[in-house]
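Engineer: Structure file my_file-v1.cif, mmCIF, C-alpha atoms and all ligand atoms, is pasted below:
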```
data_upload
#
loop_
_atom_site.group_PDB
_atom_site.id
_atom_site.type_symbol
_atom_site.label_atom_id
_atom_site.label_comp_id
_atom_site.auth_asym_id
_atom_site.auth_seq_id
_atom_site.Cartn_x
_atom_site.Cartn_y
_atom_site.Cartn_z
ATOM 1 C CA GLN V 31 0.000 0.000 0.000
ATOM 2 C CA ALA V 32 2.737 2.403 1.038
ATOM 3 C CA LYS V 33 4.792 1.480 -2.003
ATOM 4 C CA GLN V 34 1.850 2.143 -4.275
ATOM 5 C CA THR V 35 1.519 5.618 -2.796
ATOM 6 C CA ASP V 36 5.203 6.304 -3.297
ATOM 7 C CA LYS V 37 4.939 5.248 -6.878
ATOM 8 C CA GLN V 38 1.873 7.395 -7.426
ATOM 9 C CA GLN V 39 3.656 10.291 -5.822
ATOM 10 C CA ALA V 40 6.647 9.777 -8.054
ATOM 11 C CA MET V 41 4.318 9.766 -11.050
ATOM 12 C CA THR V 42 2.560 12.968 -10.100
ATOM 13 C CA PHE V 43 5.895 14.505 -9.321
ATOM 14 C CA SER V 44 7.302 13.744 -12.764
ATOM 15 C CA GLU V 45 4.027 14.817 -14.394
ATOM 16 C CA ASP V 46 4.155 18.107 -12.493
ATOM 17 C CA ARG V 47 7.740 18.516 -13.533
ATOM 18 C CA LYS V 48 6.906 17.837 -17.146
ATOM 19 C CA ALA V 49 3.983 20.245 -17.082
ATOM 20 C CA ARG V 50 6.203 22.899 -15.565
ATOM 21 C CA ILE V 51 8.910 22.441 -18.163
ATOM 22 C CA ASP V 52 6.357 22.445 -21.005
ATOM 23 C CA ARG V 53 4.954 25.711 -19.695
ATOM 24 C CA GLN V 54 8.421 27.240 -19.432
ATOM 25 C CA LEU V 55 9.278 26.226 -22.993
ATOM 26 C CA LEU V 56 6.007 27.608 -24.298
ATOM 27 C CA LEU V 57 6.455 30.917 -22.480
ATOM 28 C CA GLU V 58 10.068 31.201 -23.532
ATOM 29 C CA ARG V 59 9.092 30.595 -27.151
ATOM 30 C CA ASP V 60 6.329 33.223 -27.021
ATOM 31 C CA LEU V 61 8.241 36.008 -25.266
ATOM 32 C CA LEU V 62 9.594 37.698 -28.369
ATOM 33 C CA THR V 63 6.411 37.446 -30.446
ATOM 34 C CA GLY V 64 4.621 38.896 -27.415
ATOM 35 C CA ILE V 65 6.214 42.271 -28.110
ATOM 36 C CA VAL V 66 5.294 42.253 -31.777
ATOM 37 C CA ASN V 67 1.750 41.160 -30.961
ATOM 38 C CA LYS V 68 1.340 43.864 -28.312
ATOM 39 C CA GLN V 69 0.749 41.452 -25.434
ATOM 40 C CA PHE V 70 2.929 43.481 -23.082
ATOM 41 C CA GLU V 71 1.742 46.476 -21.157
ATOM 42 C CA LEU V 72 3.482 48.792 -18.730
ATOM 43 C CA HIS V 73 1.807 49.628 -15.475
ATOM 44 C CA PHE V 74 2.951 52.437 -13.197
ATOM 45 C CA GLN V 75 3.060 52.505 -9.413
ATOM 46 C CA PRO V 76 3.330 55.875 -7.626
ATOM 47 C CA ILE V 77 6.188 56.522 -5.197
ATOM 48 C CA LEU V 78 5.389 59.293 -2.707
ATOM 49 C CA ALA V 79 7.491 61.645 -0.621
ATOM 50 C CA ALA V 80 7.044 60.358 2.944
ATOM 51 C CA GLU V 81 6.304 63.794 4.443
ATOM 52 C CA SER V 82 4.364 65.707 1.802
ATOM 53 C CA LEU V 83 2.835 62.567 0.232
ATOM 54 C CA LYS V 84 3.445 64.130 -3.175
ATOM 55 C CA VAL V 85 3.908 61.682 -6.030
ATOM 56 C CA ILE V 86 7.492 62.174 -7.112
ATOM 57 C CA ARG V 87 8.159 59.104 -9.175
ATOM 58 C CA LEU V 88 6.407 56.254 -10.962
ATOM 59 C CA GLU V 89 7.868 52.760 -11.083
ATOM 60 C CA SER V 90 7.106 51.045 -14.361
ATOM 61 C CA LEU V 91 6.176 47.394 -13.951
ATOM 62 C CA LEU V 92 5.803 45.043 -16.886
ATOM 63 C CA ARG V 93 2.641 43.004 -17.471
ATOM 64 C CA TRP V 94 2.241 40.145 -19.935
ATOM 65 C CA LYS V 95 -1.063 38.738 -21.116
ATOM 66 C CA HIS V 96 -0.361 35.483 -22.895
ATOM 67 C CA PRO V 97 -3.028 34.632 -25.533
ATOM 68 C CA LEU V 98 -3.516 31.068 -24.208
ATOM 69 C CA LEU V 99 -2.322 31.134 -20.613
ATOM 70 C CA GLY V 100 -3.602 34.540 -19.602
ATOM 71 C CA TYR V 101 -1.804 36.857 -17.222
ATOM 72 C CA ILE V 102 1.759 35.741 -16.421
ATOM 73 C CA PRO V 103 3.447 37.430 -13.429
ATOM 74 C CA PRO V 104 6.881 39.050 -13.958
ATOM 75 C CA VAL V 105 8.476 36.791 -11.325
ATOM 76 C CA GLU V 106 7.672 33.928 -13.690
ATOM 77 C CA PHE V 107 8.552 35.373 -17.094
ATOM 78 C CA ILE V 108 11.444 37.756 -16.275
ATOM 79 C CA PRO V 109 13.808 34.878 -15.320
ATOM 80 C CA LEU V 110 12.847 33.090 -18.569
ATOM 81 C CA ALA V 111 13.452 36.270 -20.532
ATOM 82 C CA GLU V 112 16.831 36.576 -18.842
ATOM 83 C CA SER V 113 17.965 33.039 -19.552
ATOM 84 C CA SER V 114 16.844 33.283 -23.189
ATOM 85 C CA GLN V 115 18.279 36.796 -23.684
ATOM 86 C CA ALA V 116 14.817 38.007 -24.773
ATOM 87 C CA ILE V 117 15.117 40.486 -21.889
ATOM 88 C CA VAL V 118 17.402 42.610 -24.069
ATOM 89 C CA GLU V 119 14.640 43.224 -26.613
ATOM 90 C CA ILE V 120 11.887 43.429 -24.003
ATOM 91 C CA GLY V 121 13.958 45.687 -21.756
ATOM 92 C CA TYR V 122 14.573 48.092 -24.628
ATOM 93 C CA TRP V 123 10.832 48.229 -25.278
ATOM 94 C CA VAL V 124 10.150 48.871 -21.576
ATOM 95 C CA LEU V 125 12.694 51.692 -21.407
ATOM 96 C CA PHE V 126 11.311 53.316 -24.514
ATOM 97 C CA GLN V 127 7.682 53.103 -23.375
ATOM 98 C CA ALA V 128 8.515 54.347 -19.872
ATOM 99 C CA CYS V 129 10.467 57.364 -21.145
ATOM 100 C CA LYS V 130 7.771 58.143 -23.687
ATOM 101 C CA ALA V 131 5.110 57.964 -20.968
ATOM 102 C CA ALA V 132 7.086 60.249 -18.635
ATOM 103 C CA LYS V 133 7.647 62.776 -21.413
ATOM 104 C CA HIS V 134 3.940 62.744 -22.168
ATOM 105 C CA LEU V 135 3.131 63.376 -18.503
ATOM 106 C CA HIS V 136 5.567 66.307 -18.408
ATOM 107 C CA ASN V 137 3.870 67.823 -21.412
ATOM 108 C CA GLU V 138 0.580 67.520 -19.526
ATOM 109 C CA GLY V 139 2.084 69.359 -16.564
ATOM 110 C CA HIS V 140 2.763 66.399 -14.263
ATOM 111 C CA THR V 141 6.315 66.602 -12.988
ATOM 112 C CA VAL V 142 7.185 63.034 -12.067
ATOM 113 C CA GLN V 143 10.251 60.925 -12.587
ATOM 114 C CA VAL V 144 10.005 57.451 -14.036
ATOM 115 C CA ALA V 145 11.797 54.420 -12.588
ATOM 116 C CA VAL V 146 12.602 51.422 -14.760
ATOM 117 C CA ASN V 147 13.756 47.994 -13.573
ATOM 118 C CA VAL V 148 16.855 46.816 -15.384
ATOM 119 C CA SER V 149 18.228 43.293 -15.452
ATOM 120 C CA VAL V 150 21.937 42.519 -15.192
ATOM 121 C CA ILE V 151 21.697 40.835 -18.614
ATOM 122 C CA GLN V 152 20.762 44.209 -20.120
ATOM 123 C CA LEU V 153 23.556 45.978 -18.259
ATOM 124 C CA GLU V 154 26.101 43.514 -19.578
ATOM 125 C CA GLN V 155 25.204 44.334 -23.192
ATOM 126 C CA ASP V 156 27.815 46.107 -25.240
ATOM 127 C CA HIS V 157 25.766 49.224 -25.867
ATOM 128 C CA PHE V 158 23.444 49.455 -22.878
ATOM 129 C CA ALA V 159 24.434 52.975 -21.804
ATOM 130 C CA GLU V 160 24.349 54.212 -25.403
ATOM 131 C CA ASP V 161 20.923 52.629 -25.931
ATOM 132 C CA VAL V 162 19.513 54.408 -22.893
ATOM 133 C CA ILE V 163 20.989 57.736 -23.999
ATOM 134 C CA GLN V 164 19.523 57.219 -27.463
ATOM 135 C CA ILE V 165 16.086 56.501 -26.000
ATOM 136 C CA LEU V 166 16.308 59.715 -23.952
ATOM 137 C CA HIS V 167 17.139 61.615 -27.143
ATOM 138 C CA LYS V 168 14.344 60.023 -29.130
ATOM 139 C CA THR V 169 11.699 60.602 -26.496
ATOM 140 C CA GLY V 170 13.000 63.996 -25.372
ATOM 141 C CA LEU V 171 12.984 63.006 -21.694
ATOM 142 C CA PRO V 172 15.673 64.827 -19.639
ATOM 143 C CA PRO V 173 18.109 62.264 -18.115
ATOM 144 C CA GLU V 174 17.381 63.610 -14.608
ATOM 145 C CA GLN V 175 13.825 62.359 -14.956
ATOM 146 C CA LEU V 176 14.889 58.738 -15.382
ATOM 147 C CA GLU V 177 15.889 56.389 -12.590
ATOM 148 C CA LEU V 178 17.134 52.866 -13.223
ATOM 149 C CA GLU V 179 16.419 50.276 -10.544
ATOM 150 C CA MET V 180 18.904 47.460 -10.315
ATOM 151 C CA THR V 181 19.879 44.865 -7.737
ATOM 152 C CA GLU V 182 23.117 44.971 -5.782
ATOM 153 C CA SER V 183 24.549 41.965 -7.571
ATOM 154 C CA ALA V 184 23.986 43.715 -10.914
ATOM 155 C CA VAL V 185 25.764 46.917 -9.953
ATOM 156 C CA MET V 186 28.649 45.065 -8.344
ATOM 157 C CA SER V 187 29.073 42.476 -11.080
ATOM 158 C CA PHE V 188 32.492 41.921 -12.585
ATOM 159 C CA GLY V 189 31.428 42.398 -16.187
ATOM 160 C CA ARG V 190 30.595 45.527 -18.139
ATOM 161 C CA ALA V 191 27.760 46.578 -15.826
ATOM 162 C CA PRO V 192 29.703 48.933 -13.501
ATOM 163 C CA GLU V 193 31.091 50.827 -16.471
ATOM 164 C CA ALA V 194 27.625 51.278 -17.981
ATOM 165 C CA VAL V 195 26.273 52.452 -14.640
ATOM 166 C CA GLN V 196 29.117 54.975 -14.291
ATOM 167 C CA LYS V 197 28.516 56.313 -17.770
ATOM 168 C CA LEU V 198 24.779 56.729 -17.212
ATOM 169 C CA THR V 199 25.325 58.438 -13.866
ATOM 170 C CA GLU V 200 27.669 60.933 -15.484
ATOM 171 C CA TYR V 201 24.991 61.566 -18.084
ATOM 172 C CA GLY V 202 22.547 62.468 -15.309
ATOM 173 C CA VAL V 203 20.469 59.301 -14.996
ATOM 174 C CA ALA V 204 19.713 58.280 -11.391
ATOM 175 C CA ILE V 205 20.416 54.791 -10.094
ATOM 176 C CA ALA V 206 18.515 53.031 -7.295
ATOM 177 C CA LEU V 207 19.512 49.800 -5.586
ATOM 178 C CA ASP V 208 16.401 47.624 -5.609
ATOM 179 C CA ASP V 209 15.489 44.916 -3.078
ATOM 180 C CA PHE V 210 18.110 46.185 -0.661
ATOM 181 C CA GLY V 211 18.949 43.890 2.227
ATOM 182 C CA THR V 212 18.163 40.591 0.560
ATOM 183 C CA GLY V 213 21.222 40.174 -1.638
ATOM 184 C CA TYR V 214 24.815 39.934 -0.569
ATOM 185 C CA SER V 215 25.306 43.542 0.406
ATOM 186 C CA SER V 216 28.928 44.356 0.716
ATOM 187 C CA LEU V 217 28.584 47.446 2.846
ATOM 188 C CA SER V 218 32.061 48.798 2.148
ATOM 189 C CA TYR V 219 31.277 48.606 -1.551
ATOM 190 C CA LEU V 220 28.070 50.582 -1.127
ATOM 191 C CA ARG V 221 30.098 53.708 -0.426
ATOM 192 C CA LYS V 222 31.790 53.522 -3.810
ATOM 193 C CA LEU V 223 28.746 52.840 -5.950
ATOM 194 C CA PRO V 224 27.398 55.709 -8.055
ATOM 195 C CA ILE V 225 23.861 55.426 -6.688
ATOM 196 C CA GLN V 226 21.353 57.962 -5.391
ATOM 197 C CA SER V 227 18.932 55.782 -3.495
ATOM 198 C CA ILE V 228 18.255 52.407 -1.939
ATOM 199 C CA LYS V 229 14.929 50.615 -1.838
ATOM 200 C CA ILE V 230 14.319 48.587 1.313
ATOM 201 C CA ASP V 231 13.060 45.210 0.151
ATOM 202 C CA LYS V 232 9.382 44.665 0.824
ATOM 203 C CA ALA V 233 10.285 41.510 2.751
ATOM 204 C CA PHE V 234 11.225 43.830 5.660
ATOM 205 C CA VAL V 235 8.124 46.005 5.271
ATOM 206 C CA THR V 236 5.391 43.372 4.885
ATOM 207 C CA GLU V 237 5.300 42.434 8.568
ATOM 208 C CA LEU V 238 6.644 45.693 9.911
ATOM 209 C CA THR V 239 5.035 46.552 13.255
ATOM 210 C CA GLU V 240 6.283 48.027 16.538
ATOM 211 C CA GLY V 241 8.841 45.934 18.381
ATOM 212 C CA THR V 242 9.737 43.587 15.530
ATOM 213 C CA SER V 243 13.198 42.796 14.227
ATOM 214 C CA ASP V 244 11.949 44.078 10.852
ATOM 215 C CA LYS V 245 11.656 47.517 12.451
ATOM 216 C CA THR V 246 15.264 47.275 13.646
ATOM 217 C CA ILE V 247 16.346 46.299 10.131
ATOM 218 C CA CYS V 248 14.399 49.144 8.487
ATOM 219 C CA ALA V 249 15.897 51.585 11.002
ATOM 220 C CA ALA V 250 19.421 50.331 10.341
ATOM 221 C CA ILE V 251 19.053 50.482 6.553
ATOM 222 C CA THR V 252 17.606 54.003 6.744
ATOM 223 C CA GLN V 253 20.462 55.234 8.946
ATOM 224 C CA LEU V 254 23.065 53.561 6.790
ATOM 225 C CA GLY V 255 21.557 55.082 3.646
ATOM 226 C CA HIS V 256 21.410 58.565 5.152
ATOM 227 C CA HIS V 257 25.000 58.366 6.439
ATOM 228 C CA LEU V 258 26.045 57.588 2.879
ATOM 229 C CA GLY V 259 24.003 60.513 1.538
ATOM 230 C CA LEU V 260 21.408 58.332 -0.142
ATOM 231 C CA ARG V 261 17.644 58.578 -0.393
ATOM 232 C CA VAL V 262 15.848 55.695 1.283
ATOM 233 C CA VAL V 263 12.665 54.287 -0.225
ATOM 234 C CA ALA V 264 10.399 51.659 1.326
ATOM 235 C CA GLU V 265 8.381 49.401 -0.969
ATOM 236 C CA GLY V 266 5.456 47.127 -0.129
ATOM 237 C CA VAL V 267 3.759 49.594 2.243
ATOM 238 C CA GLU V 268 0.266 48.242 2.886
ATOM 239 C CA ASN V 269 -1.107 49.895 6.036
ATOM 240 C CA ALA V 270 -1.135 53.043 8.157
ATOM 241 C CA GLU V 271 1.021 51.552 10.921
ATOM 242 C CA GLN V 272 3.815 50.864 8.465
ATOM 243 C CA VAL V 273 3.519 54.426 7.147
ATOM 244 C CA ALA V 274 3.806 55.830 10.685
ATOM 245 C CA ILE V 275 6.835 53.692 11.553
ATOM 246 C CA LEU V 276 8.659 54.384 8.296
ATOM 247 C CA ARG V 277 8.060 58.129 8.648
ATOM 248 C CA MET V 278 9.325 58.036 12.209
ATOM 249 C CA LEU V 279 12.447 56.206 11.058
ATOM 250 C CA GLY V 280 13.053 58.997 8.548
ATOM 251 C CA CYS V 281 12.422 57.006 5.411
ATOM 252 C CA ASP V 282 12.294 59.463 2.494
ATOM 253 C CA GLU V 283 9.844 57.857 0.108
ATOM 254 C CA LEU V 284 7.038 55.317 0.301
ATOM 255 C CA GLN V 285 5.520 52.948 -2.232
ATOM 256 C CA GLY V 286 2.878 50.280 -1.832
ATOM 257 C CA TYR V 287 -0.740 49.173 -2.096
ATOM 258 C CA TYR V 288 -1.663 51.467 0.815
ATOM 259 C CA PHE V 289 -1.167 54.400 -1.562
ATOM 260 C CA SER V 290 -1.787 52.767 -4.915
ATOM 261 C CA LYS V 291 -1.414 49.508 -6.804
ATOM 262 C CA PRO V 292 0.457 49.600 -10.097
ATOM 263 C CA LEU V 293 -1.931 51.378 -12.503
ATOM 264 C CA SER V 294 -2.656 50.897 -16.179
ATOM 265 C CA TRP V 295 -1.983 53.952 -18.349
ATOM 266 C CA PRO V 296 -5.613 55.188 -18.409
ATOM 267 C CA ASP V 297 -5.959 54.617 -14.651
ATOM 268 C CA LEU V 298 -2.712 56.479 -14.046
ATOM 269 C CA LEU V 299 -3.905 59.502 -16.016
ATOM 270 C CA ALA V 300 -7.135 59.549 -14.004
ATOM 271 C CA TYR V 301 -5.221 59.139 -10.714
ATOM 272 C CA LEU V 302 -2.825 61.990 -11.486
ATOM 273 C CA SER V 303 -5.473 64.425 -12.625
ATOM 274 C CA THR V 304 -7.676 63.700 -9.605
ATOM 275 C CA ARG V 305 -4.741 64.352 -7.284
ATOM 276 C CA LYS V 306 -3.837 67.520 -9.171
ATOM 277 C CA ALA V 307 -7.403 68.790 -8.958
ATOM 278 C CA GLU V 308 -7.389 68.089 -5.210
ATOM 279 C CA GLY V 309 -4.090 69.993 -4.934
HETATM 280 P P1 LIG U 401 10.366 45.043 -7.857
HETATM 281 O O1 LIG U 401 11.093 45.899 -8.828
HETATM 282 O O2 LIG U 401 10.948 44.931 -6.506
HETATM 283 O O3 LIG U 401 8.898 45.632 -7.835
HETATM 284 C C1 LIG U 401 8.079 45.659 -6.713
HETATM 285 C C2 LIG U 401 7.028 44.582 -6.765
HETATM 286 O O4 LIG U 401 6.225 44.671 -5.590
HETATM 287 C C3 LIG U 401 6.046 44.681 -7.927
HETATM 288 O O5 LIG U 401 5.655 43.355 -8.282
HETATM 289 C C4 LIG U 401 4.877 45.427 -7.289
HETATM 290 O O6 LIG U 401 3.637 45.231 -7.968
HETATM 291 C C5 LIG U 401 4.863 44.789 -5.937
HETATM 292 N N1 LIG U 401 4.236 45.628 -4.920
HETATM 293 C C6 LIG U 401 4.126 46.972 -4.876
HETATM 294 N N2 LIG U 401 3.508 47.390 -3.772
HETATM 295 C C7 LIG U 401 3.215 46.272 -3.066
HETATM 296 C C8 LIG U 401 2.548 46.049 -1.796
HETATM 297 O O7 LIG U 401 2.128 46.955 -1.099
HETATM 298 N N3 LIG U 401 2.452 44.750 -1.400
HETATM 299 C C9 LIG U 401 2.910 43.709 -2.148
HETATM 300 N N4 LIG U 401 2.755 42.473 -1.674
HETATM 301 N N5 LIG U 401 3.533 43.895 -3.340
HETATM 302 C C10 LIG U 401 3.684 45.158 -3.779
HETATM 303 P P2 LIG U 401 5.548 42.885 -9.787
HETATM 304 O O8 LIG U 401 4.967 43.976 -10.616
HETATM 305 O O9 LIG U 401 4.870 41.568 -9.784
HETATM 306 O O10 LIG U 401 7.061 42.715 -10.215
HETATM 307 C C11 LIG U 401 7.883 41.763 -9.595
HETATM 308 C C12 LIG U 401 9.321 41.942 -9.992
HETATM 309 O O11 LIG U 401 9.485 41.687 -11.393
HETATM 310 C C13 LIG U 401 9.852 43.357 -9.783
HETATM 311 O O12 LIG U 401 10.200 43.537 -8.429
HETATM 312 C C14 LIG U 401 11.033 43.360 -10.724
HETATM 313 O O13 LIG U 401 12.139 42.726 -10.122
HETATM 314 C C15 LIG U 401 10.537 42.485 -11.857
HETATM 315 N N6 LIG U 401 10.069 43.344 -12.972
HETATM 316 C C16 LIG U 401 8.869 43.929 -13.171
HETATM 317 N N7 LIG U 401 8.860 44.651 -14.311
HETATM 318 C C17 LIG U 401 10.116 44.544 -14.838
HETATM 319 C C18 LIG U 401 10.752 45.072 -16.016
HETATM 320 O O14 LIG U 401 10.182 45.845 -16.805
HETATM 321 N N8 LIG U 401 12.057 44.701 -16.231
HETATM 322 C C19 LIG U 401 12.734 43.889 -15.361
HETATM 323 N N9 LIG U 401 14.005 43.559 -15.656
HETATM 324 N N10 LIG U 401 12.168 43.389 -14.250
HETATM 325 C C20 LIG U 401 10.876 43.707 -13.981
HETATM 326 MG MG MG U 402 11.876 47.746 -8.736
HETATM 327 MG MG MG U 403 12.014 45.978 -5.184
HETATM 328 MG MG MG U 404 11.482 42.733 -5.697
#
```
Give the structure from the file, written as structure tokens.
Structural biologist:
Amino acid sequence: QAKQTDKQQAMTFSEDRKARIDRQLLLERDLLTGIVNKQFELHFQPILAAESLKVIRLESLLRWKHPLLGYIPPVEFIPLAESSQAIVEIGYWVLFQACKAAKHLHNEGHTVQVAVNVSVIQLEQDHFAEDVIQILHKTGLPPEQLELEMTESAVMSFGRAPEAVQKLTEYGVAIALDDFGTGYSSLSYLRKLPIQSIKIDKAFVTELTEGTSDKTICAAITQLGHHLGLRVVAEGVENAEQVAILRMLGCDELQGYYFSKPLSWPDLLAYLSTRKAEG
């Protein structure tokens, strides 16, 4: 009886595995045609100044609606796009759309920066910095209005990435360290990186309440960031208690469902004009 169960389990396990691999192959195959067939969409999540609660930046977040499988979350397809190099093409599209959107908003009188997530695979490309500069030219967005979000491992990598980051910084583009605290932060290195801000990973914010070790961690990251002259942003803010704690700790900017989910382009326009009307 027990053996039978083991065997059945082994069967389901290998079937699950097969189904998972089939899905991965299908998604990987469809990534590039997804751009051509307009299956990708950029959503934008507001980032607010912690004190004034003014929207100062929008983080662009990629959405993919697969024709057969429906909505695929970025945590699933971004790694596939990275391993298949499709991220280079997709990332270019994202950068272009994000800069175009920000330029459009400026023309409409909304002064907000745009933040774009960048993968290490993109950074390692021969012409990454030049591509970004070209996109800024084409869209007419001033470099100061663009922030690139990248993980610590990307900025500290041994390849071409640090050079590209340096070049873009000199050009005026801002760099943020995303998901701070979860990677291998080499704190001595942090001082030398050409970055303007760090984003506390939402893992430390999700269960942030008084008296927790998460509060101690958020406090330490905020102090460290400020000592190094960096802006500190908290992501994943979902309730008023978290807002109060993060403000008390001196966190500079807040982002999360408490303020707004990532918004589609039409929803974003409505959100911004409502806020503007309200002053
Ligand atoms: P990330 O850059 O750290 O983005 C923050 C993620 O947290 C987003 O998930 C966002 O929707 C989610 N989030 C925001 N506020 C809250 C909140 O209050 N609570 C919770 N639970 N979650 C919140 P999303 O959009 O699913 O993206 C996941 C990750 O996929 C991103 O993490 C980023 O690493 C990657 N990604 C998304 N778009 C792009 C892109 O265009 N290019 C690249 N290379 N990566 C991207
Ligand atoms: Mg990000
Ligand atoms: Mg993050
Ligand atoms: Mg993340």
Engineer: Taking only C-alpha atoms into account, name the residue in V:Ile102, V:Leu166, V:Ile117, V:Ala79 that is nearest to V:Arg277.
Structural biologist: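 Smallest distance to V:Arg277 is found for V:Ala79.
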Engineer: Let me know the centre plus edge lengths, in Å and rounded to one decimal, of a box with edges along x, y and z that contains all listed atoms of ligand LIG 401 (chain U) and is padded by 6 Å on every side, as JSON.
Structural biologist:
```
{"center_x": 8.1, "center_y": 44.5, "center_z": -9.0, "size_x": 23.9, "size_y": 17.8, "size_z": 27.7}
```
Engineer: Please write as a PyMOL selection string the full residue list that the PyMOL selection byres (((chain V and resi 194) around 12) and not hetatm) yields on this file.
Structural biologist: chain V and resi 148+150+152-163+178+184-193+195-201+203+205+224
Engineer: Residues contacting ligand LIG 401 (chain U) - anything with an atom at most 9 Å away, using only C-alpha atoms and all ligand atoms - can you give me those as number ranges by chain?
Structural biologist: V: 72-75, 89-93, 103-109, 111-112, 117, 120-121, 123-125, 146-152, 179-181, 208-209, 229, 231-233, 235-236, 265-269, 285-292
Engineer: Grab the atom CA of V:Lys306 to atom CA of V:Ala132 distance for me, in Å with one decimal place.
Structural biologist: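 Calculated distance between atom CA of V:Lys306 and atom CA of V:Ala132 is 16.2 Å.
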